[in-house]
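What follows is final.pdb (PDB, N, CA and C atoms, pLDDT in the B column).
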MODEL        1
ATOM      1  N   MET A   1      58.188  50.367 123.712  1.00 77.00           N
ATOM      2  CA  MET A   1      59.473  49.730 123.464  1.00 77.00           C
ATOM      3  C   MET A   1      59.256  48.215 123.558  1.00 77.00           C
ATOM      4  N   ASN A   2      59.680  47.511 122.516  1.00 90.00           N
ATOM      5  CA  ASN A   2      59.450  46.070 122.542  1.00 90.00           C
ATOM      6  C   ASN A   2      60.450  45.370 123.468  1.00 90.00           C
ATOM      7  N   ARG A   3      60.205  44.102 123.695  1.00 90.00           N
ATOM      8  CA  ARG A   3      60.994  43.378 124.695  1.00 90.00           C
ATOM      9  C   ARG A   3      62.436  43.151 124.268  1.00 90.00           C
ATOM     10  N   PHE A   4      62.673  42.966 122.969  1.00 92.00           N
ATOM     11  CA  PHE A   4      64.049  42.744 122.532  1.00 92.00           C
ATOM     12  C   PHE A   4      64.899  43.982 122.775  1.00 92.00           C
ATOM     13  N   VAL A   5      64.344  45.162 122.539  1.00 94.00           N
ATOM     14  CA  VAL A   5      65.092  46.397 122.789  1.00 94.00           C
ATOM     15  C   VAL A   5      65.353  46.543 124.286  1.00 94.00           C
ATOM     16  N   LYS A   6      64.359  46.234 125.112  1.00 93.00           N
ATOM     17  CA  LYS A   6      64.562  46.264 126.569  1.00 93.00           C
ATOM     18  C   LYS A   6      65.640  45.283 126.990  1.00 93.00           C
ATOM     19  N   PHE A   7      65.598  44.071 126.410  1.00 94.00           N
ATOM     20  CA  PHE A   7      66.601  43.064 126.732  1.00 94.00           C
ATOM     21  C   PHE A   7      67.993  43.550 126.336  1.00 94.00           C
ATOM     22  N   PHE A   8      68.138  44.090 125.153  1.00 94.00           N
ATOM     23  CA  PHE A   8      69.428  44.575 124.679  1.00 94.00           C
ATOM     24  C   PHE A   8      69.959  45.699 125.577  1.00 94.00           C
ATOM     25  N   LEU A   9      69.118  46.671 125.904  1.00 95.00           N
ATOM     26  CA  LEU A   9      69.560  47.786 126.749  1.00 95.00           C
ATOM     27  C   LEU A   9      69.875  47.329 128.171  1.00 95.00           C
ATOM     28  N   THR A  10      69.091  46.410 128.695  1.00 94.00           N
ATOM     29  CA  THR A  10      69.356  45.892 130.041  1.00 94.00           C
ATOM     30  C   THR A  10      70.658  45.104 130.065  1.00 94.00           C
ATOM     31  N   ALA A  11      70.873  44.263 129.049  1.00 94.00           N
ATOM     32  CA  ALA A  11      72.125  43.502 128.985  1.00 94.00           C
ATOM     33  C   ALA A  11      73.316  44.422 128.825  1.00 94.00           C
ATOM     34  N   TRP A  12      73.167  45.464 128.048  1.00 95.00           N
ATOM     35  CA  TRP A  12      74.256  46.424 127.865  1.00 95.00           C
ATOM     36  C   TRP A  12      74.587  47.131 129.181  1.00 95.00           C
ATOM     37  N   ALA A  13      73.566  47.582 129.889  1.00 94.00           N
ATOM     38  CA  ALA A  13      73.798  48.276 131.158  1.00 94.00           C
ATOM     39  C   ALA A  13      74.396  47.334 132.206  1.00 94.00           C
ATOM     40  N   LEU A  14      73.876  46.121 132.296  1.00 92.00           N
ATOM     41  CA  LEU A  14      74.418  45.163 133.265  1.00 92.00           C
ATOM     42  C   LEU A  14      75.851  44.774 132.923  1.00 92.00           C
ATOM     43  N   SER A  15      76.156  44.640 131.643  1.00 91.00           N
ATOM     44  CA  SER A  15      77.524  44.294 131.277  1.00 91.00           C
ATOM     45  C   SER A  15      78.480  45.421 131.618  1.00 91.00           C
ATOM     46  N   PHE A  16      78.019  46.659 131.517  1.00 90.00           N
ATOM     47  CA  PHE A  16      78.870  47.779 131.923  1.00 90.00           C
ATOM     48  C   PHE A  16      79.195  47.688 133.409  1.00 90.00           C
ATOM     49  N   PHE A  17      78.196  47.378 134.228  1.00 89.00           N
ATOM     50  CA  PHE A  17      78.419  47.338 135.672  1.00 89.00           C
ATOM     51  C   PHE A  17      79.153  46.074 136.131  1.00 89.00           C
ATOM     52  N   THR A  18      79.127  45.006 135.330  1.00 86.00           N
ATOM     53  CA  THR A  18      79.847  43.802 135.738  1.00 86.00           C
ATOM     54  C   THR A  18      81.237  43.717 135.131  1.00 86.00           C
ATOM     55  N   LEU A  19      81.416  44.242 133.928  1.00 85.00           N
ATOM     56  CA  LEU A  19      82.721  44.124 133.272  1.00 85.00           C
ATOM     57  C   LEU A  19      83.686  45.246 133.649  1.00 85.00           C
ATOM     58  N   SER A  20      83.183  46.395 134.041  1.00 84.00           N
ATOM     59  CA  SER A  20      84.071  47.499 134.423  1.00 84.00           C
ATOM     60  C   SER A  20      84.932  47.167 135.643  1.00 84.00           C
ATOM     61  N   PRO A  21      84.379  46.611 136.717  1.00 82.00           N
ATOM     62  CA  PRO A  21      85.242  46.242 137.848  1.00 82.00           C
ATOM     63  C   PRO A  21      86.269  45.176 137.483  1.00 82.00           C
ATOM     64  N   ILE A  22      85.905  44.269 136.582  1.00 78.00           N
ATOM     65  CA  ILE A  22      86.862  43.252 136.159  1.00 78.00           C
ATOM     66  C   ILE A  22      88.048  43.902 135.478  1.00 78.00           C
ATOM     67  N   ALA A  23      87.773  44.847 134.612  1.00 79.00           N
ATOM     68  CA  ALA A  23      88.855  45.513 133.886  1.00 79.00           C
ATOM     69  C   ALA A  23      89.701  46.379 134.806  1.00 79.00           C
ATOM     70  N   MET A  24      89.104  46.928 135.847  1.00 84.00           N
ATOM     71  CA  MET A  24      89.844  47.834 136.716  1.00 84.00           C
ATOM     72  C   MET A  24      90.662  47.115 137.785  1.00 84.00           C
ATOM     73  N   PHE A  25      90.128  46.049 138.359  1.00 85.00           N
ATOM     74  CA  PHE A  25      90.741  45.487 139.553  1.00 85.00           C
ATOM     75  C   PHE A  25      91.523  44.197 139.343  1.00 85.00           C
ATOM     76  N   LEU A  26      91.328  43.538 138.222  1.00 81.00           N
ATOM     77  CA  LEU A  26      92.094  42.320 137.973  1.00 81.00           C
ATOM     78  C   LEU A  26      93.360  42.650 137.189  1.00 81.00           C
ATOM     79  N   PRO A  27      94.386  41.852 137.342  1.00 84.00           N
ATOM     80  CA  PRO A  27      95.594  42.097 136.561  1.00 84.00           C
ATOM     81  C   PRO A  27      95.324  41.890 135.068  1.00 84.00           C
ATOM     82  N   PRO A  28      96.139  42.462 134.210  1.00 83.00           N
ATOM     83  CA  PRO A  28      95.862  42.402 132.777  1.00 83.00           C
ATOM     84  C   PRO A  28      96.144  41.049 132.125  1.00 83.00           C
ATOM     85  N   ASP A  29      96.381  40.039 132.897  1.00 84.00           N
ATOM     86  CA  ASP A  29      96.625  38.711 132.361  1.00 84.00           C
ATOM     87  C   ASP A  29      95.320  38.129 131.803  1.00 84.00           C
ATOM     88  N   PRO A  30      95.296  37.712 130.530  1.00 82.00           N
ATOM     89  CA  PRO A  30      94.050  37.191 129.943  1.00 82.00           C
ATOM     90  C   PRO A  30      93.544  35.915 130.618  1.00 82.00           C
ATOM     91  N   LEU A  31      94.438  35.073 131.090  1.00 87.00           N
ATOM     92  CA  LEU A  31      93.989  33.837 131.739  1.00 87.00           C
ATOM     93  C   LEU A  31      93.361  34.101 133.096  1.00 87.00           C
ATOM     94  N   THR A  32      93.710  35.204 133.713  1.00 83.00           N
ATOM     95  CA  THR A  32      93.077  35.583 134.969  1.00 83.00           C
ATOM     96  C   THR A  32      91.713  36.205 134.710  1.00 83.00           C
ATOM     97  N   GLN A  33      91.614  37.022 133.689  1.00 84.00           N
ATOM     98  CA  GLN A  33      90.368  37.728 133.425  1.00 84.00           C
ATOM     99  C   GLN A  33      89.321  36.871 132.725  1.00 84.00           C
ATOM    100  N   LEU A  34      89.730  35.852 131.987  1.00 87.00           N
ATOM    101  CA  LEU A  34      88.793  35.070 131.189  1.00 87.00           C
ATOM    102  C   LEU A  34      87.682  34.407 132.000  1.00 87.00           C
ATOM    103  N   PRO A  35      87.961  33.717 133.119  1.00 89.00           N
ATOM    104  CA  PRO A  35      86.850  33.108 133.872  1.00 89.00           C
ATOM    105  C   PRO A  35      85.870  34.144 134.418  1.00 89.00           C
ATOM    106  N   PHE A  36      86.368  35.266 134.885  1.00 87.00           N
ATOM    107  CA  PHE A  36      85.484  36.305 135.404  1.00 87.00           C
ATOM    108  C   PHE A  36      84.684  36.954 134.278  1.00 87.00           C
ATOM    109  N   PHE A  37      85.301  37.117 133.123  1.00 88.00           N
ATOM    110  CA  PHE A  37      84.618  37.685 131.967  1.00 88.00           C
ATOM    111  C   PHE A  37      83.484  36.780 131.506  1.00 88.00           C
ATOM    112  N   VAL A  38      83.750  35.488 131.401  1.00 91.00           N
ATOM    113  CA  VAL A  38      82.722  34.536 130.966  1.00 91.00           C
ATOM    114  C   VAL A  38      81.593  34.476 131.993  1.00 91.00           C
ATOM    115  N   PHE A  39      81.944  34.411 133.277  1.00 91.00           N
ATOM    116  CA  PHE A  39      80.923  34.380 134.323  1.00 91.00           C
ATOM    117  C   PHE A  39      80.064  35.640 134.286  1.00 91.00           C
ATOM    118  N   SER A  40      80.678  36.794 134.101  1.00 90.00           N
ATOM    119  CA  SER A  40      79.903  38.036 134.100  1.00 90.00           C
ATOM    120  C   SER A  40      79.001  38.123 132.875  1.00 90.00           C
ATOM    121  N   LEU A  41      79.446  37.610 131.724  1.00 91.00           N
ATOM    122  CA  LEU A  41      78.568  37.611 130.554  1.00 91.00           C
ATOM    123  C   LEU A  41      77.389  36.669 130.741  1.00 91.00           C
ATOM    124  N   VAL A  42      77.636  35.503 131.309  1.00 94.00           N
ATOM    125  CA  VAL A  42      76.529  34.575 131.568  1.00 94.00           C
ATOM    126  C   VAL A  42      75.556  35.194 132.570  1.00 94.00           C
ATOM    127  N   PHE A  43      76.086  35.768 133.634  1.00 93.00           N
ATOM    128  CA  PHE A  43      75.237  36.433 134.625  1.00 93.00           C
ATOM    129  C   PHE A  43      74.440  37.567 133.992  1.00 93.00           C
ATOM    130  N   THR A  44      75.087  38.347 133.131  1.00 94.00           N
ATOM    131  CA  THR A  44      74.427  39.486 132.494  1.00 94.00           C
ATOM    132  C   THR A  44      73.234  39.039 131.660  1.00 94.00           C
ATOM    133  N   PHE A  45      73.416  38.020 130.826  1.00 95.00           N
ATOM    134  CA  PHE A  45      72.321  37.608 129.960  1.00 95.00           C
ATOM    135  C   PHE A  45      71.216  36.894 130.725  1.00 95.00           C
ATOM    136  N   VAL A  46      71.569  36.130 131.748  1.00 95.00           N
ATOM    137  CA  VAL A  46      70.537  35.479 132.566  1.00 95.00           C
ATOM    138  C   VAL A  46      69.740  36.523 133.343  1.00 95.00           C
ATOM    139  N   ALA A  47      70.427  37.489 133.925  1.00 95.00           N
ATOM    140  CA  ALA A  47      69.731  38.544 134.678  1.00 95.00           C
ATOM    141  C   ALA A  47      68.877  39.407 133.758  1.00 95.00           C
ATOM    142  N   ALA A  48      69.378  39.741 132.581  1.00 94.00           N
ATOM    143  CA  ALA A  48      68.589  40.537 131.631  1.00 94.00           C
ATOM    144  C   ALA A  48      67.362  39.766 131.165  1.00 94.00           C
ATOM    145  N   TYR A  49      67.520  38.469 130.923  1.00 95.00           N
ATOM    146  CA  TYR A  49      66.368  37.649 130.527  1.00 95.00           C
ATOM    147  C   TYR A  49      65.322  37.628 131.637  1.00 95.00           C
ATOM    148  N   TRP A  50      65.760  37.443 132.881  1.00 94.00           N
ATOM    149  CA  TRP A  50      64.817  37.404 133.993  1.00 94.00           C
ATOM    150  C   TRP A  50      64.123  38.751 134.167  1.00 94.00           C
ATOM    151  N   LEU A  51      64.877  39.828 134.043  1.00 93.00           N
ATOM    152  CA  LEU A  51      64.296  41.151 134.243  1.00 93.00           C
ATOM    153  C   LEU A  51      63.282  41.499 133.161  1.00 93.00           C
ATOM    154  N   VAL A  52      63.553  41.126 131.929  1.00 93.00           N
ATOM    155  CA  VAL A  52      62.693  41.554 130.823  1.00 93.00           C
ATOM    156  C   VAL A  52      61.600  40.535 130.525  1.00 93.00           C
ATOM    157  N   TYR A  53      61.955  39.282 130.320  1.00 93.00           N
ATOM    158  CA  TYR A  53      60.985  38.302 129.850  1.00 93.00           C
ATOM    159  C   TYR A  53      60.228  37.600 130.970  1.00 93.00           C
ATOM    160  N   ARG A  54      60.749  37.571 132.162  1.00 92.00           N
ATOM    161  CA  ARG A  54      60.062  36.920 133.282  1.00 92.00           C
ATOM    162  C   ARG A  54      59.485  37.940 134.254  1.00 92.00           C
ATOM    163  N   ASP A  55      59.356  39.174 133.814  1.00 89.00           N
ATOM    164  CA  ASP A  55      58.759  40.271 134.591  1.00 89.00           C
ATOM    165  C   ASP A  55      59.486  40.527 135.908  1.00 89.00           C
ATOM    166  N   GLY A  56      60.800  40.515 135.833  1.00 91.00           N
ATOM    167  CA  GLY A  56      61.604  40.807 137.019  1.00 91.00           C
ATOM    168  C   GLY A  56      61.499  42.256 137.444  1.00 91.00           C
ATOM    169  N   PHE A  57      61.365  43.160 136.473  1.00 88.00           N
ATOM    170  CA  PHE A  57      61.204  44.578 136.816  1.00 88.00           C
ATOM    171  C   PHE A  57      59.926  44.789 137.615  1.00 88.00           C
ATOM    172  N   ALA A  58      58.838  44.144 137.223  1.00 89.00           N
ATOM    173  CA  ALA A  58      57.580  44.273 137.950  1.00 89.00           C
ATOM    174  C   ALA A  58      57.673  43.666 139.340  1.00 89.00           C
ATOM    175  N   THR A  59      58.382  42.557 139.462  1.00 90.00           N
ATOM    176  CA  THR A  59      58.564  41.928 140.775  1.00 90.00           C
ATOM    177  C   THR A  59      59.349  42.829 141.714  1.00 90.00           C
ATOM    178  N   ILE A  60      60.415  43.405 141.215  1.00 88.00           N
ATOM    179  CA  ILE A  60      61.228  44.306 142.039  1.00 88.00           C
ATOM    180  C   ILE A  60      60.428  45.549 142.399  1.00 88.00           C
ATOM    181  N   ARG A  61      59.692  46.083 141.429  1.00 89.00           N
ATOM    182  CA  ARG A  61      58.899  47.277 141.684  1.00 89.00           C
ATOM    183  C   ARG A  61      57.831  46.998 142.735  1.00 89.00           C
ATOM    184  N   ALA A  62      57.217  45.829 142.712  1.00 91.00           N
ATOM    185  CA  ALA A  62      56.193  45.476 143.700  1.00 91.00           C
ATOM    186  C   ALA A  62      56.786  45.292 145.088  1.00 91.00           C
ATOM    187  N   GLN A  63      57.999  44.722 145.172  1.00 90.00           N
ATOM    188  CA  GLN A  63      58.619  44.519 146.471  1.00 90.00           C
ATOM    189  C   GLN A  63      59.132  45.816 147.069  1.00 90.00           C
ATOM    190  N   VAL A  64      59.551  46.743 146.240  1.00 92.00           N
ATOM    191  CA  VAL A  64      60.072  48.018 146.738  1.00 92.00           C
ATOM    192  C   VAL A  64      58.934  48.928 147.203  1.00 92.00           C
ATOM    193  N   SER A  65      57.814  48.882 146.519  1.00 86.00           N
ATOM    194  CA  SER A  65      56.683  49.770 146.855  1.00 86.00           C
ATOM    195  C   SER A  65      56.008  49.381 148.126  1.00 86.00           C
TER     196      SER A  65
ENDMDL
END

Would you give me this structure, written as structure tokens?
Amino acid sequence: MNRFVKFFLTAWALSFFTLSPIAMFLPPDPLTQLPFFVFSLVFTFVAAYWLVYRDGFATIRAQVS
């Protein structure tokens, strides 16, 4: 599996785990949800980039083992 596919799948999974609580626990007001939505998307792509392209998965695997 090439790195772009890993990046896409990792970003998709992280966005599910970061955006679902926002949708469930914040009020439905768009101005309330917008800052959290933008922050979670930025966090998702930065974390996915670190995990895939900067060998974050290998770092975590080495620390856990």

Polymer residues at most 6 Å from stretch 47-63 of chain A, all atoms listed in the file, same-chain spacing of 4 or more positions, as a list in words: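 Counting only the stated atoms, we get Phe7, Thr10, Ala11, Val42 and Phe43 of chain A.
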
Length of the atom CA of A:Leu14 to atom C of A:Ser40 vector [Å]: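 Result for atom CA of A:Leu14 versus atom C of A:Ser40: 8.4 Å, one decimal.
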
One-decimal distance in Å that lies between atom CA of A:Thr18 and atom CA of A:Arg3: 21.9 Å

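Counting all atoms listed in the file and comparing A:Ser15, A:Val64, A:Pro21, A:Leu26, the residue that lies closest to A:Thr44 is A:Ser15.
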
Atomic separation - atom N of A:Phe37 relative to atom C of A:Ile22, Å: 7.7 Å

5 Å per side around stretch 37-50 of chain A: axis-aligned box centre and edge lengths, as AutoDock Vina command-line options:
--center_x 74.7 --center_y 37.5 --center_z 132.3 --size_x 31.2 --size_y 16.2 --size_z 14.7

Taking the partial coordinates given, rebuild stretch 7-32 of chain A to contain N, CA, C and O atoms; return it as a compact mmCIF listing (two decimals), keeping the file's coordinate frame.
# COMPACT_ATOMS: atom_id res chain seq x y z
N PHE A 7 65.60 44.07 126.41
CA PHE A 7 66.60 43.06 126.73
C PHE A 7 67.99 43.55 126.34
O PHE A 7 68.94 43.43 127.11
N PHE A 8 68.14 44.09 125.15
CA PHE A 8 69.43 44.58 124.68
C PHE A 8 69.96 45.70 125.58
O PHE A 8 71.12 45.68 125.98
N LEU A 9 69.12 46.67 125.90
CA LEU A 9 69.56 47.79 126.75
C LEU A 9 69.88 47.33 128.17
O LEU A 9 70.84 47.81 128.78
N THR A 10 69.09 46.41 128.70
CA THR A 10 69.36 45.89 130.04
C THR A 10 70.66 45.10 130.06
O THR A 10 71.46 45.25 130.99
N ALA A 11 70.87 44.26 129.05
CA ALA A 11 72.12 43.50 128.99
C ALA A 11 73.32 44.42 128.82
O ALA A 11 74.37 44.20 129.43
N TRP A 12 73.17 45.46 128.05
CA TRP A 12 74.26 46.42 127.86
C TRP A 12 74.59 47.13 129.18
O TRP A 12 75.75 47.25 129.55
N ALA A 13 73.57 47.58 129.89
CA ALA A 13 73.80 48.28 131.16
C ALA A 13 74.40 47.33 132.21
O ALA A 13 75.33 47.71 132.93
N LEU A 14 73.88 46.12 132.30
CA LEU A 14 74.42 45.16 133.26
C LEU A 14 75.85 44.77 132.92
O LEU A 14 76.68 44.60 133.82
N SER A 15 76.16 44.64 131.64
CA SER A 15 77.52 44.29 131.28
C SER A 15 78.48 45.42 131.62
O SER A 15 79.63 45.18 131.99
N PHE A 16 78.02 46.66 131.52
CA PHE A 16 78.87 47.78 131.92
C PHE A 16 79.19 47.69 133.41
O PHE A 16 80.34 47.89 133.81
N PHE A 17 78.20 47.38 134.23
CA PHE A 17 78.42 47.34 135.67
C PHE A 17 79.15 46.07 136.13
O PHE A 17 79.72 46.06 137.22
N THR A 18 79.13 45.01 135.33
CA THR A 18 79.85 43.80 135.74
C THR A 18 81.24 43.72 135.13
O THR A 18 82.14 43.17 135.75
N LEU A 19 81.42 44.24 133.93
CA LEU A 19 82.72 44.12 133.27
C LEU A 19 83.69 45.25 133.65
O LEU A 19 84.89 45.06 133.58
N SER A 20 83.18 46.40 134.04
CA SER A 20 84.07 47.50 134.42
C SER A 20 84.93 47.17 135.64
O SER A 20 86.13 47.42 135.62
N PRO A 21 84.38 46.61 136.72
CA PRO A 21 85.24 46.24 137.85
C PRO A 21 86.27 45.18 137.48
O PRO A 21 87.38 45.18 138.01
N ILE A 22 85.90 44.27 136.58
CA ILE A 22 86.86 43.25 136.16
C ILE A 22 88.05 43.90 135.48
O ILE A 22 89.21 43.57 135.75
N ALA A 23 87.77 44.85 134.61
CA ALA A 23 88.86 45.51 133.89
C ALA A 23 89.70 46.38 134.81
O ALA A 23 90.90 46.54 134.58
N MET A 24 89.10 46.93 135.85
CA MET A 24 89.84 47.83 136.72
C MET A 24 90.66 47.12 137.78
O MET A 24 91.76 47.53 138.10
N PHE A 25 90.13 46.05 138.36
CA PHE A 25 90.74 45.49 139.55
C PHE A 25 91.52 44.20 139.34
O PHE A 25 92.27 43.79 140.21
N LEU A 26 91.33 43.54 138.22
CA LEU A 26 92.09 42.32 137.97
C LEU A 26 93.36 42.65 137.19
O LEU A 26 93.40 43.62 136.44
N PRO A 27 94.39 41.85 137.34
CA PRO A 27 95.59 42.10 136.56
C PRO A 27 95.32 41.89 135.07
O PRO A 27 94.37 41.20 134.69
N PRO A 28 96.14 42.46 134.21
CA PRO A 28 95.86 42.40 132.78
C PRO A 28 96.14 41.05 132.12
O PRO A 28 96.15 40.95 130.90
N ASP A 29 96.38 40.04 132.90
CA ASP A 29 96.62 38.71 132.36
C ASP A 29 95.32 38.13 131.80
O ASP A 29 94.33 38.04 132.52
N PRO A 30 95.30 37.71 130.53
CA PRO A 30 94.05 37.19 129.94
C PRO A 30 93.54 35.92 130.62
O PRO A 30 92.34 35.71 130.72
N LEU A 31 94.44 35.07 131.09
CA LEU A 31 93.99 33.84 131.74
C LEU A 31 93.36 34.10 133.10
O LEU A 31 92.57 33.30 133.58
N THR A 32 93.71 35.20 133.71
CA THR A 32 93.08 35.58 134.97
C THR A 32 91.71 36.20 134.71
O THR A 32 90.75 35.93 135.43
